Amino acid sequence: MAKRIDVSGLTAFYGSHKAIEDISMTVEPRSVTAFIGPSGCGKSTFLRTLNRMHEVTTGGRVEGKVLLDDEDLYGAGVDPVNVRRTIGMVFQRPNPFPTMSIFDNVAAGLRLNGSYKKSELNAIVEKSLKGANLWNEVKDRLNKPGSGLSGGQQQRLCIARAIAVEPQVLLMDEPCSALDPISTLAIEDLIGELKERFTIVIVTHNMQQAARVSDRTAFFNLAAVGQPGKLVEIDETERIFSNPSVQATEDYISGRFG
Amino acid sequence: MDIPSSTTSPTSPPPRHDVKPSQVTPKRAARGATRPGDRIFLGLSRGSGIALLVIMAAIAAFLTYRAALALSDNTGNFLTTFEWDPAGTATNGKPYFGIAVLVFGTVVSSIIALVIAVPIAIGIALFISHYAPRRLATPIAFVIDLLAAVPSIVYGLWGALVVAPNLTGLYSWLDDYFGWTGIFSYQGGAPRSLMTVGILLAIMILPIITNVSREVFLQVPKMHEEAALALGATRWETIRMSVLPFARSGVISASMLGLGRALGETIAVATVLSPSFVINASVLDFGGGTFAQNIASKFNEATEYGRDALIASGLVLFVITLLVNGAARLIIARRKEYSGANA
């Protein structure tokens, strides 16, 4: 259940403002690809173009191609709702549905996709919570509200919710930036396990995190404030952090700017 | 930069801890008094606050006093009597009156108004907040506001002259299909019934419910909507999963505000309703009455004692409206806590 993403010539706008320009890259299946770069360089915008969440924002518009295996996500007649059912997303701030129980949060995506028997739902919810390393902490209070969990638990609940529908790809937009170090470690461990099953793309501001969890790293940058963000390079994480081919990458990673 | 007062100097912390509270209070008041602007504003705002309480207390005292005068001589049971005869024309001058018909008419017409208005208001509010493009949403919101600005006597005239005569067809149809329930049986005759009143009240309370609901829908945090969208929810599913649960208590309190207005509406009801002191099982047949309508219709021709009797019924309406508003406030207050914990 993991597919390759091929992006070519992708440009995204907010109204008339060009946020990212001419980005092309390949995201390998069953691997973790990290996006790093200074604030405002368009990493999150680019991530959101991959499951057509960018166009949800007022004035959001995209040009270019995103191929999931061979299907163009922006092709004519492609329903963005179906795209989002295949490509799951985890956000910066944990956002479980506040009025739903833990169980209903995990089952939410399944219930959208069709009807399941109670026993099937139980099995999938348990499997997803186990997959998100949350089962042992919540198995006795599945019908309690999800908003009662700690921040790190809420984020793992969101991951469980995302993987419950067995997506092809899992997008993570700075999933640990609102969490303490221990919860961050738990999520990073989880990402290592999830990449066996899913294609994972993660945006992060934390370069150690990129180095720890990702197989490949893409560095984004922008020439100046107001200019569109661009992809500087994408390569094996080890190479990016030891011997990048572009000077700007090395400057950023060694903390000389940004 | 020499500050003469040592207590306000930034270099030495004010020695507040060894000053007793009783010593602090006059000092602060004295400092406030040195600035005329503060003093005037303090006086004005405190005065307004006190005036509000005094006015409320005066209204309650007036209502209670006059009501007590009327009730002490009433020979009927005030809560269960179906007659309104404070002059005692049928009982040798002994006052005989009660509010049973008025409670029924007020509650039934307000409930009809809510049942009609709430779904429509939610629909309009959702359309404005989540469906309509901005250049359409703004004018629609404006028209809704305009609806609130129409004087109620205009609604009354329109209701009596245009709406009511055109409702016979609808009422006959309701009688044909739902007449067996008793609630919707229709004998014919002028459709100036509680149902007509309810329809008119629904239009009148639509703006406030729509506006408050729209505000609540717009306050739903983006991250909750995105959570649903990212799972592959359609727009309607997003509304059902994120927007409506979050906005539920807000919509309830909006409805309560509308209910408060419907309960007290006077002149539009008095213009449309053909009143009588009966309780009809059917909401389509004319007759019945509401508190406010009854007071408005009878006040001019009532004797001193008759007015006291009407005031007694006004006191009941006052209490009902206070309870409804209090309930709305409770729900709003609970909602604040709720959203603060999650947003």
# chains A, B, ... in the order shown; residues from 1 in each chain; ligands from 1
$ select_by_dssp --residues "range 76-245 of chain A" --states "helix (DSSP H, G or I)" --output "PDB file with C-alpha atoms, in the first residue's frame"
ATOM      1  CA  PRO A  80      -9.965  16.029  -4.694  1.00  0.00           C
ATOM      2  CA  VAL A  81     -12.041  14.178  -2.115  1.00  0.00           C
ATOM      3  CA  ASN A  82     -10.817  10.857  -3.509  1.00  0.00           C
ATOM      4  CA  VAL A  83      -7.238  12.146  -3.601  1.00  0.00           C
ATOM      5  CA  ARG A  84      -7.417  12.978   0.096  1.00  0.00           C
ATOM      6  CA  ARG A  85      -8.799   9.543   0.872  1.00  0.00           C
ATOM      7  CA  THR A  86      -5.688   8.015  -0.710  1.00  0.00           C
ATOM      8  CA  ILE A 102     -11.158   8.282  20.829  1.00  0.00           C
ATOM      9  CA  PHE A 103     -12.809   5.377  19.039  1.00  0.00           C
ATOM     10  CA  ASP A 104     -14.940   7.609  16.815  1.00  0.00           C
ATOM     11  CA  ASN A 105     -11.924   9.737  15.941  1.00  0.00           C
ATOM     12  CA  VAL A 106     -10.081   6.727  14.574  1.00  0.00           C
ATOM     13  CA  ALA A 107     -13.200   5.401  12.869  1.00  0.00           C
ATOM     14  CA  ALA A 108     -14.115   8.788  11.357  1.00  0.00           C
ATOM     15  CA  GLY A 109     -12.333   8.212   8.050  1.00  0.00           C
ATOM     16  CA  LEU A 110     -13.695   4.682   7.722  1.00  0.00           C
ATOM     17  CA  ARG A 111     -17.247   5.818   8.274  1.00  0.00           C
ATOM     18  CA  LEU A 112     -16.806   8.335   5.466  1.00  0.00           C
ATOM     19  CA  ASN A 113     -15.717   5.628   3.070  1.00  0.00           C
ATOM     20  CA  LYS A 118     -19.114  -3.232  14.383  1.00  0.00           C
ATOM     21  CA  SER A 119     -16.602  -6.082  14.636  1.00  0.00           C
ATOM     22  CA  GLU A 120     -14.704  -4.913  11.561  1.00  0.00           C
ATOM     23  CA  LEU A 121     -14.551  -1.373  12.941  1.00  0.00           C
ATOM     24  CA  ASN A 122     -13.305  -2.656  16.287  1.00  0.00           C
ATOM     25  CA  ALA A 123     -10.558  -4.604  14.572  1.00  0.00           C
ATOM     26  CA  ILE A 124      -9.425  -1.730  12.382  1.00  0.00           C
ATOM     27  CA  VAL A 125      -9.487   0.791  15.237  1.00  0.00           C
ATOM     28  CA  GLU A 126      -7.421  -1.528  17.407  1.00  0.00           C
ATOM     29  CA  LYS A 127      -4.956  -2.179  14.599  1.00  0.00           C
ATOM     30  CA  SER A 128      -4.612   1.540  13.824  1.00  0.00           C
ATOM     31  CA  LEU A 129      -4.136   2.525  17.458  1.00  0.00           C
ATOM     32  CA  LYS A 130      -1.547  -0.227  17.818  1.00  0.00           C
ATOM     33  CA  GLY A 131       0.079   1.044  14.629  1.00  0.00           C
ATOM     34  CA  TRP A 135      -3.306   1.279  22.034  1.00  0.00           C
ATOM     35  CA  ASN A 136      -1.910   0.444  25.468  1.00  0.00           C
ATOM     36  CA  GLU A 137      -2.497   3.965  26.728  1.00  0.00           C
ATOM     37  CA  VAL A 138      -6.105   4.305  25.580  1.00  0.00           C
ATOM     38  CA  GLY A 146     -10.052  12.528  22.258  1.00  0.00           C
ATOM     39  CA  SER A 147      -9.446  16.065  23.470  1.00  0.00           C
ATOM     40  CA  GLY A 148      -8.752  14.709  26.955  1.00  0.00           C
ATOM     41  CA  GLY A 151      -0.639  16.683  23.163  1.00  0.00           C
ATOM     42  CA  GLY A 152       1.635  13.820  22.151  1.00  0.00           C
ATOM     43  CA  GLN A 153      -1.150  11.275  22.559  1.00  0.00           C
ATOM     44  CA  GLN A 154      -3.495  13.493  20.520  1.00  0.00           C
ATOM     45  CA  GLN A 155      -0.953  13.627  17.718  1.00  0.00           C
ATOM     46  CA  ARG A 156      -0.604   9.842  17.739  1.00  0.00           C
ATOM     47  CA  LEU A 157      -4.400   9.652  17.727  1.00  0.00           C
ATOM     48  CA  CYS A 158      -4.362  11.810  14.588  1.00  0.00           C
ATOM     49  CA  ILE A 159      -1.809   9.477  13.045  1.00  0.00           C
ATOM     50  CA  ALA A 160      -4.015   6.496  13.935  1.00  0.00           C
ATOM     51  CA  ARG A 161      -6.944   8.285  12.334  1.00  0.00           C
ATOM     52  CA  ALA A 162      -4.909   8.913   9.182  1.00  0.00           C
ATOM     53  CA  ILE A 163      -3.580   5.339   8.826  1.00  0.00           C
ATOM     54  CA  ALA A 164      -6.927   3.707   9.650  1.00  0.00           C
ATOM     55  CA  PRO A 181      10.919  15.883  23.452  1.00  0.00           C
ATOM     56  CA  ILE A 182       9.554  12.614  24.826  1.00  0.00           C
ATOM     57  CA  SER A 183       6.421  12.747  22.676  1.00  0.00           C
ATOM     58  CA  THR A 184       8.614  13.779  19.748  1.00  0.00           C
ATOM     59  CA  LEU A 185      10.754  10.693  20.237  1.00  0.00           C
ATOM     60  CA  ALA A 186       7.619   8.525  20.309  1.00  0.00           C
ATOM     61  CA  ILE A 187       6.426   9.996  17.010  1.00  0.00           C
ATOM     62  CA  GLU A 188       9.860   9.623  15.404  1.00  0.00           C
ATOM     63  CA  ASP A 189      10.013   5.955  16.409  1.00  0.00           C
ATOM     64  CA  LEU A 190       6.554   5.559  14.970  1.00  0.00           C
ATOM     65  CA  ILE A 191       7.589   7.127  11.660  1.00  0.00           C
ATOM     66  CA  GLY A 192      10.386   4.559  11.440  1.00  0.00           C
ATOM     67  CA  GLU A 193       7.816   1.760  11.787  1.00  0.00           C
ATOM     68  CA  LEU A 194       5.239   3.301   9.481  1.00  0.00           C
ATOM     69  CA  MET A 207      17.248  19.400  11.165  1.00  0.00           C
ATOM     70  CA  GLN A 208      18.291  16.735  13.659  1.00  0.00           C
ATOM     71  CA  GLN A 209      14.855  15.276  13.196  1.00  0.00           C
ATOM     72  CA  ALA A 210      15.255  15.230   9.430  1.00  0.00           C
ATOM     73  CA  ALA A 211      18.617  13.555   9.854  1.00  0.00           C
ATOM     74  CA  ARG A 212      17.200  10.994  12.294  1.00  0.00           C
ATOM     75  CA  VAL A 213      14.039   9.896  10.522  1.00  0.00           C
ATOM     76  CA  THR A 237      19.785  12.432   3.733  1.00  0.00           C
ATOM     77  CA  GLU A 238      23.319  11.317   4.532  1.00  0.00           C
ATOM     78  CA  ARG A 239      24.695  13.229   1.561  1.00  0.00           C
ATOM     79  CA  ILE A 240      22.651  16.360   2.282  1.00  0.00           C
ATOM     80  CA  PHE A 241      23.980  16.492   5.829  1.00  0.00           C
ATOM     81  CA  SER A 242      27.577  15.589   5.059  1.00  0.00           C
TER      82      SER A 242
END
$ interface_residues --of "chain B" --to "chain A" --cutoff "9 Å" --atoms "only C-alpha atoms" --output "PDB file with N, CA and C atoms, in the first residue's frame"
ATOM      1  N   MET B 223      -8.456  24.307  11.808  1.00  0.00           N
ATOM      2  CA  MET B 223      -7.798  23.011  11.933  1.00  0.00           C
ATOM      3  C   MET B 223      -8.803  21.868  12.092  1.00  0.00           C
ATOM      4  N   HIS B 224      -9.980  22.161  12.659  1.00  0.00           N
ATOM      5  CA  HIS B 224     -10.969  21.089  12.773  1.00  0.00           C
ATOM      6  C   HIS B 224     -11.571  20.770  11.406  1.00  0.00           C
ATOM      7  N   GLU B 226     -10.031  21.244   8.558  1.00  0.00           N
ATOM      8  CA  GLU B 226      -8.996  20.596   7.744  1.00  0.00           C
ATOM      9  C   GLU B 226      -8.825  19.141   8.137  1.00  0.00           C
ATOM     10  N   ALA B 227      -9.042  18.853   9.426  1.00  0.00           N
ATOM     11  CA  ALA B 227      -8.948  17.458   9.865  1.00  0.00           C
ATOM     12  C   ALA B 227      -9.927  16.598   9.078  1.00  0.00           C
ATOM     13  N   ALA B 228     -11.145  17.113   8.914  1.00  0.00           N
ATOM     14  CA  ALA B 228     -12.154  16.346   8.182  1.00  0.00           C
ATOM     15  C   ALA B 228     -11.820  16.298   6.692  1.00  0.00           C
ATOM     16  N   LEU B 229     -11.435  17.453   6.134  1.00  0.00           N
ATOM     17  CA  LEU B 229     -11.120  17.504   4.700  1.00  0.00           C
ATOM     18  C   LEU B 229      -9.987  16.541   4.358  1.00  0.00           C
ATOM     19  N   ALA B 230      -8.953  16.492   5.217  1.00  0.00           N
ATOM     20  CA  ALA B 230      -7.795  15.657   4.923  1.00  0.00           C
ATOM     21  C   ALA B 230      -8.134  14.176   4.981  1.00  0.00           C
ATOM     22  N   LEU B 231      -9.239  13.841   5.656  1.00  0.00           N
ATOM     23  CA  LEU B 231      -9.671  12.439   5.679  1.00  0.00           C
ATOM     24  C   LEU B 231     -10.464  12.094   4.425  1.00  0.00           C
ATOM     25  N   GLY B 232     -10.694  13.091   3.565  1.00  0.00           N
ATOM     26  CA  GLY B 232     -11.476  12.839   2.369  1.00  0.00           C
ATOM     27  C   GLY B 232     -12.950  13.093   2.596  1.00  0.00           C
ATOM     28  N   ALA B 233     -13.267  14.036   3.464  1.00  0.00           N
ATOM     29  CA  ALA B 233     -14.673  14.379   3.664  1.00  0.00           C
ATOM     30  C   ALA B 233     -15.090  15.375   2.590  1.00  0.00           C
ATOM     31  N   THR B 234     -16.315  15.218   2.097  1.00  0.00           N
ATOM     32  CA  THR B 234     -16.862  16.220   1.194  1.00  0.00           C
ATOM     33  C   THR B 234     -17.226  17.449   2.018  1.00  0.00           C
ATOM     34  N   GLU B 237     -19.885  16.601   4.481  1.00  0.00           N
ATOM     35  CA  GLU B 237     -19.372  15.747   5.552  1.00  0.00           C
ATOM     36  C   GLU B 237     -18.504  16.543   6.519  1.00  0.00           C
ATOM     37  N   MET B 241     -19.149  16.750  10.390  1.00  0.00           N
ATOM     38  CA  MET B 241     -18.165  16.219  11.347  1.00  0.00           C
ATOM     39  C   MET B 241     -17.540  17.306  12.212  1.00  0.00           C
ATOM     40  N   SER B 242     -17.287  18.486  11.632  1.00  0.00           N
ATOM     41  CA  SER B 242     -16.529  19.493  12.368  1.00  0.00           C
ATOM     42  C   SER B 242     -17.360  20.700  12.746  1.00  0.00           C
ATOM     43  N   PRO B 245     -21.008  19.951  15.103  1.00  0.00           N
ATOM     44  CA  PRO B 245     -20.778  19.604  16.513  1.00  0.00           C
ATOM     45  C   PRO B 245     -20.167  20.770  17.289  1.00  0.00           C
ATOM     46  N   PHE B 246     -19.235  21.476  16.665  1.00  0.00           N
ATOM     47  CA  PHE B 246     -18.583  22.588  17.352  1.00  0.00           C
ATOM     48  C   PHE B 246     -19.579  23.707  17.613  1.00  0.00           C
ATOM     49  N   ALA B 341     -11.030  25.300  25.942  1.00  0.00           N
ATOM     50  CA  ALA B 341     -10.223  24.139  26.269  1.00  0.00           C
ATOM     51  C   ALA B 341      -9.707  23.441  25.020  1.00  0.00           C
ATOM     52  N   ASN B 342     -10.367  23.647  23.905  1.00  0.00           N
ATOM     53  CA  ASN B 342     -10.017  22.851  22.726  1.00  0.00           C
ATOM     54  C   ASN B 342      -9.390  23.639  21.593  1.00  0.00           C
TER      55      ASN B 342
END
$ closest_residue --among "B:Tyr155, B:Phe127, B:Tyr171, B:Tyr177" --to "Arg214 in chain B" --atoms "only C-alpha atoms"
B:Phe127
$ residues_around --residues "Ala312 in chain B" --least-positions-apart "6" --cutoff "9 Å" --atoms "only C-alpha atoms" --output "list in words"
Leu63, Thr64, Arg66, Ala67, Ala68, Leu69, Ala70 and Leu71 of chain B
$ write_last_selection --atoms "N, CA and C atoms" --output "PDB file, in the first residue's frame"
ATOM      1  N   LEU B  63     -44.526  45.395  38.574  1.00  0.00           N
ATOM      2  CA  LEU B  63     -45.317  44.256  38.105  1.00  0.00           C
ATOM      3  C   LEU B  63     -45.837  43.450  39.288  1.00  0.00           C
ATOM      4  N   THR B  64     -44.961  43.198  40.244  1.00  0.00           N
ATOM      5  CA  THR B  64     -45.355  42.346  41.362  1.00  0.00           C
ATOM      6  C   THR B  64     -46.443  43.023  42.199  1.00  0.00           C
ATOM      7  N   ARG B  66     -48.681  45.477  41.376  1.00  0.00           N
ATOM      8  CA  ARG B  66     -49.977  45.565  40.707  1.00  0.00           C
ATOM      9  C   ARG B  66     -50.594  44.186  40.501  1.00  0.00           C
ATOM     10  N   ALA B  67     -49.715  43.203  40.228  1.00  0.00           N
ATOM     11  CA  ALA B  67     -50.223  41.846  40.051  1.00  0.00           C
ATOM     12  C   ALA B  67     -50.833  41.344  41.351  1.00  0.00           C
ATOM     13  N   ALA B  68     -50.199  41.654  42.459  1.00  0.00           N
ATOM     14  CA  ALA B  68     -50.694  41.200  43.759  1.00  0.00           C
ATOM     15  C   ALA B  68     -52.073  41.797  44.035  1.00  0.00           C
ATOM     16  N   LEU B  69     -52.241  43.079  43.684  1.00  0.00           N
ATOM     17  CA  LEU B  69     -53.546  43.723  43.853  1.00  0.00           C
ATOM     18  C   LEU B  69     -54.623  42.960  43.091  1.00  0.00           C
ATOM     19  N   ALA B  70     -54.299  42.605  41.823  1.00  0.00           N
ATOM     20  CA  ALA B  70     -55.290  41.931  40.984  1.00  0.00           C
ATOM     21  C   ALA B  70     -55.568  40.526  41.496  1.00  0.00           C
ATOM     22  N   LEU B  71     -54.511  39.810  41.843  1.00  0.00           N
ATOM     23  CA  LEU B  71     -54.676  38.397  42.194  1.00  0.00           C
ATOM     24  C   LEU B  71     -55.421  38.222  43.505  1.00  0.00           C
TER      25      LEU B  71
END
$ closest_atom_pairs --of "range 181-204 of chain A" --to "range 217-233 of chain A" --cutoff "12 Å" --atoms "only C-alpha atoms" --output "Markdown table"
| residue | atom | partner | partner_atom | distance |
| --- | --- | --- | --- | --- |
| A:Ile200 | CA | A:Thr217 | CA | 11.8 |
| A:Val201 | CA | A:Thr217 | CA | 9.6 |
| A:Ile202 | CA | A:Thr217 | CA | 9.4 |
| A:Val203 | CA | A:Ala218 | CA | 9.5 |
| A:Thr204 | CA | A:Thr217 | CA | 10.4 |
$ residues_around --residues "Gly75 in chain A" --least-positions-apart "2" --cutoff "12 Å" --atoms "only C-alpha atoms" --output "JSON, numbers by chain"
{"A": [52, 62, 63, 64, 65, 66, 67, 68, 70, 71, 72, 73, 77, 78, 79, 80, 83]}
$ write_last_selection --atoms "N, CA and C atoms" --output "PDB file, in the first residue's frame"
ATOM      1  N   ARG A  52      -3.905  17.891  -2.510  1.00  0.00           N
ATOM      2  CA  ARG A  52      -4.899  18.876  -2.951  1.00  0.00           C
ATOM      3  C   ARG A  52      -5.575  19.573  -1.779  1.00  0.00           C
ATOM      4  N   VAL A  62      -3.032  25.840  -8.243  1.00  0.00           N
ATOM      5  CA  VAL A  62      -1.841  25.044  -8.535  1.00  0.00           C
ATOM      6  C   VAL A  62      -1.689  24.851 -10.032  1.00  0.00           C
ATOM      7  N   GLU A  63      -0.447  24.964 -10.517  1.00  0.00           N
ATOM      8  CA  GLU A  63      -0.138  24.585 -11.901  1.00  0.00           C
ATOM      9  C   GLU A  63       0.930  23.508 -11.858  1.00  0.00           C
ATOM     10  N   GLY A  64       0.894  22.622 -12.832  1.00  0.00           N
ATOM     11  CA  GLY A  64       1.897  21.566 -12.883  1.00  0.00           C
ATOM     12  C   GLY A  64       1.268  20.204 -12.658  1.00  0.00           C
ATOM     13  N   LYS A  65       2.157  19.211 -12.496  1.00  0.00           N
ATOM     14  CA  LYS A  65       1.673  17.831 -12.439  1.00  0.00           C
ATOM     15  C   LYS A  65       2.130  17.145 -11.163  1.00  0.00           C
ATOM     16  N   VAL A  66       1.232  16.362 -10.563  1.00  0.00           N
ATOM     17  CA  VAL A  66       1.625  15.474  -9.476  1.00  0.00           C
ATOM     18  C   VAL A  66       1.121  14.086  -9.852  1.00  0.00           C
ATOM     19  N   LEU A  67       2.065  13.174 -10.105  1.00  0.00           N
ATOM     20  CA  LEU A  67       1.659  11.815 -10.478  1.00  0.00           C
ATOM     21  C   LEU A  67       1.783  10.902  -9.273  1.00  0.00           C
ATOM     22  N   LEU A  68       0.689  10.197  -8.968  1.00  0.00           N
ATOM     23  CA  LEU A  68       0.736   9.158  -7.938  1.00  0.00           C
ATOM     24  C   LEU A  68       0.774   7.842  -8.710  1.00  0.00           C
ATOM     25  N   ASP A  70       0.926   6.415 -11.752  1.00  0.00           N
ATOM     26  CA  ASP A  70       0.765   7.003 -13.080  1.00  0.00           C
ATOM     27  C   ASP A  70      -0.436   7.924 -13.195  1.00  0.00           C
ATOM     28  N   GLU A  71      -1.120   8.127 -12.073  1.00  0.00           N
ATOM     29  CA  GLU A  71      -2.343   8.924 -12.137  1.00  0.00           C
ATOM     30  C   GLU A  71      -2.043  10.371 -11.761  1.00  0.00           C
ATOM     31  N   ASP A  72      -2.455  11.307 -12.641  1.00  0.00           N
ATOM     32  CA  ASP A  72      -2.221  12.718 -12.350  1.00  0.00           C
ATOM     33  C   ASP A  72      -3.291  13.219 -11.377  1.00  0.00           C
ATOM     34  N   LEU A  73      -2.842  13.661 -10.186  1.00  0.00           N
ATOM     35  CA  LEU A  73      -3.794  14.109  -9.161  1.00  0.00           C
ATOM     36  C   LEU A  73      -4.536  15.364  -9.589  1.00  0.00           C
ATOM     37  N   GLY A  77     -11.236  15.685 -14.130  1.00  0.00           N
ATOM     38  CA  GLY A  77     -12.135  14.654 -13.643  1.00  0.00           C
ATOM     39  C   GLY A  77     -11.651  13.950 -12.391  1.00  0.00           C
ATOM     40  N   VAL A  78     -10.516  14.395 -11.827  1.00  0.00           N
ATOM     41  CA  VAL A  78     -10.075  13.798 -10.566  1.00  0.00           C
ATOM     42  C   VAL A  78     -10.739  14.546  -9.412  1.00  0.00           C
ATOM     43  N   ASP A  79     -11.401  13.783  -8.541  1.00  0.00           N
ATOM     44  CA  ASP A  79     -12.099  14.393  -7.414  1.00  0.00           C
ATOM     45  C   ASP A  79     -11.120  14.565  -6.252  1.00  0.00           C
ATOM     46  N   PRO A  80     -10.913  15.822  -5.803  1.00  0.00           N
ATOM     47  CA  PRO A  80      -9.965  16.029  -4.694  1.00  0.00           C
ATOM     48  C   PRO A  80     -10.326  15.225  -3.448  1.00  0.00           C
ATOM     49  N   VAL A  83      -8.681  11.997  -3.792  1.00  0.00           N
ATOM     50  CA  VAL A  83      -7.238  12.146  -3.601  1.00  0.00           C
ATOM     51  C   VAL A  83      -6.919  12.120  -2.111  1.00  0.00           C
TER      52      VAL A  83
END
$ atom_distance --atom1 "CA of Leu323 in chain B" --atom2 "CA of Val103 in chain B"
14.4 Å
$ select_by_dssp --residues "range 53-250 of chain B" --states "strand (DSSP E)" --output "ChimeraX atom specification"
/B:84-85,96-97
$ write_last_selection --atoms "N, CA and C atoms" --output "compact mmCIF listing (two decimals), in the first residue's frame"
# COMPACT_ATOMS: atom_id res chain seq x y z
N TRP B 84 -61.22 35.36 30.69
CA TRP B 84 -60.55 36.60 31.07
C TRP B 84 -61.64 37.62 31.33
N ASP B 85 -62.10 37.68 32.58
CA ASP B 85 -63.23 38.53 32.93
C ASP B 85 -62.96 39.26 34.24
N TYR B 96 -62.95 37.18 37.48
CA TYR B 96 -62.72 35.78 37.20
C TYR B 96 -61.82 35.70 35.97
N PHE B 97 -60.55 35.42 36.16
CA PHE B 97 -59.64 35.39 35.01
C PHE B 97 -58.45 34.47 35.28
$ decode --residues "range 239-253 of chain A" --atoms "N, CA and C atoms" --output "JSON list (two decimals), in the first residue's frame"
[["chain", "number", "residue", "atom", "x", "y", "z"],
["A", 239, "ARG", "N", 23.93, 12.35, 2.42],
["A", 239, "ARG", "CA", 24.70, 13.23, 1.56],
["A", 239, "ARG", "C", 24.37, 14.70, 1.84],
["A", 240, "ILE", "N", 23.07, 14.97, 2.02],
["A", 240, "ILE", "CA", 22.65, 16.36, 2.28],
["A", 240, "ILE", "C", 23.34, 16.88, 3.54],
["A", 241, "PHE", "N", 23.44, 16.01, 4.55],
["A", 241, "PHE", "CA", 23.98, 16.49, 5.83],
["A", 241, "PHE", "C", 25.50, 16.38, 5.92],
["A", 242, "SER", "N", 26.12, 15.67, 4.97],
["A", 242, "SER", "CA", 27.58, 15.59, 5.06],
["A", 242, "SER", "C", 28.25, 16.33, 3.92],
["A", 243, "ASN", "N", 27.68, 16.20, 2.73],
["A", 243, "ASN", "CA", 28.38, 16.75, 1.58],
["A", 243, "ASN", "C", 27.40, 17.21, 0.51],
["A", 244, "PRO", "N", 26.60, 18.23, 0.84],
["A", 244, "PRO", "CA", 25.58, 18.66, -0.12],
["A", 244, "PRO", "C", 26.22, 19.26, -1.37],
["A", 245, "SER", "N", 25.51, 19.17, -2.48],
["A", 245, "SER", "CA", 26.11, 19.64, -3.72],
["A", 245, "SER", "C", 25.90, 21.14, -3.93],
["A", 246, "VAL", "N", 25.02, 21.75, -3.15],
["A", 246, "VAL", "CA", 24.80, 23.20, -3.30],
["A", 246, "VAL", "C", 25.30, 23.90, -2.04],
["A", 247, "GLN", "N", 25.98, 25.01, -2.23],
["A", 247, "GLN", "CA", 26.55, 25.74, -1.11],
["A", 247, "GLN", "C", 25.47, 26.21, -0.13],
["A", 248, "ALA", "N", 24.31, 26.69, -0.68],
["A", 248, "ALA", "CA", 23.24, 27.23, 0.17],
["A", 248, "ALA", "C", 22.75, 26.18, 1.17],
["A", 249, "THR", "N", 22.68, 24.92, 0.74],
["A", 249, "THR", "CA", 22.26, 23.85, 1.62],
["A", 249, "THR", "C", 23.22, 23.73, 2.79],
["A", 250, "GLU", "N", 24.50, 23.73, 2.46],
["A", 250, "GLU", "CA", 25.51, 23.58, 3.50],
["A", 250, "GLU", "C", 25.45, 24.75, 4.48],
["A", 251, "ASP", "N", 25.25, 25.98, 3.93],
["A", 251, "ASP", "CA", 25.14, 27.16, 4.79],
["A", 251, "ASP", "C", 23.97, 27.01, 5.75],
["A", 252, "TYR", "N", 22.83, 26.54, 5.22],
["A", 252, "TYR", "CA", 21.63, 26.42, 6.05],
["A", 252, "TYR", "C", 21.83, 25.37, 7.13],
["A", 253, "ILE", "N", 22.36, 24.22, 6.73],
["A", 253, "ILE", "CA", 22.50, 23.12, 7.66],
["A", 253, "ILE", "C", 23.52, 23.43, 8.74]]
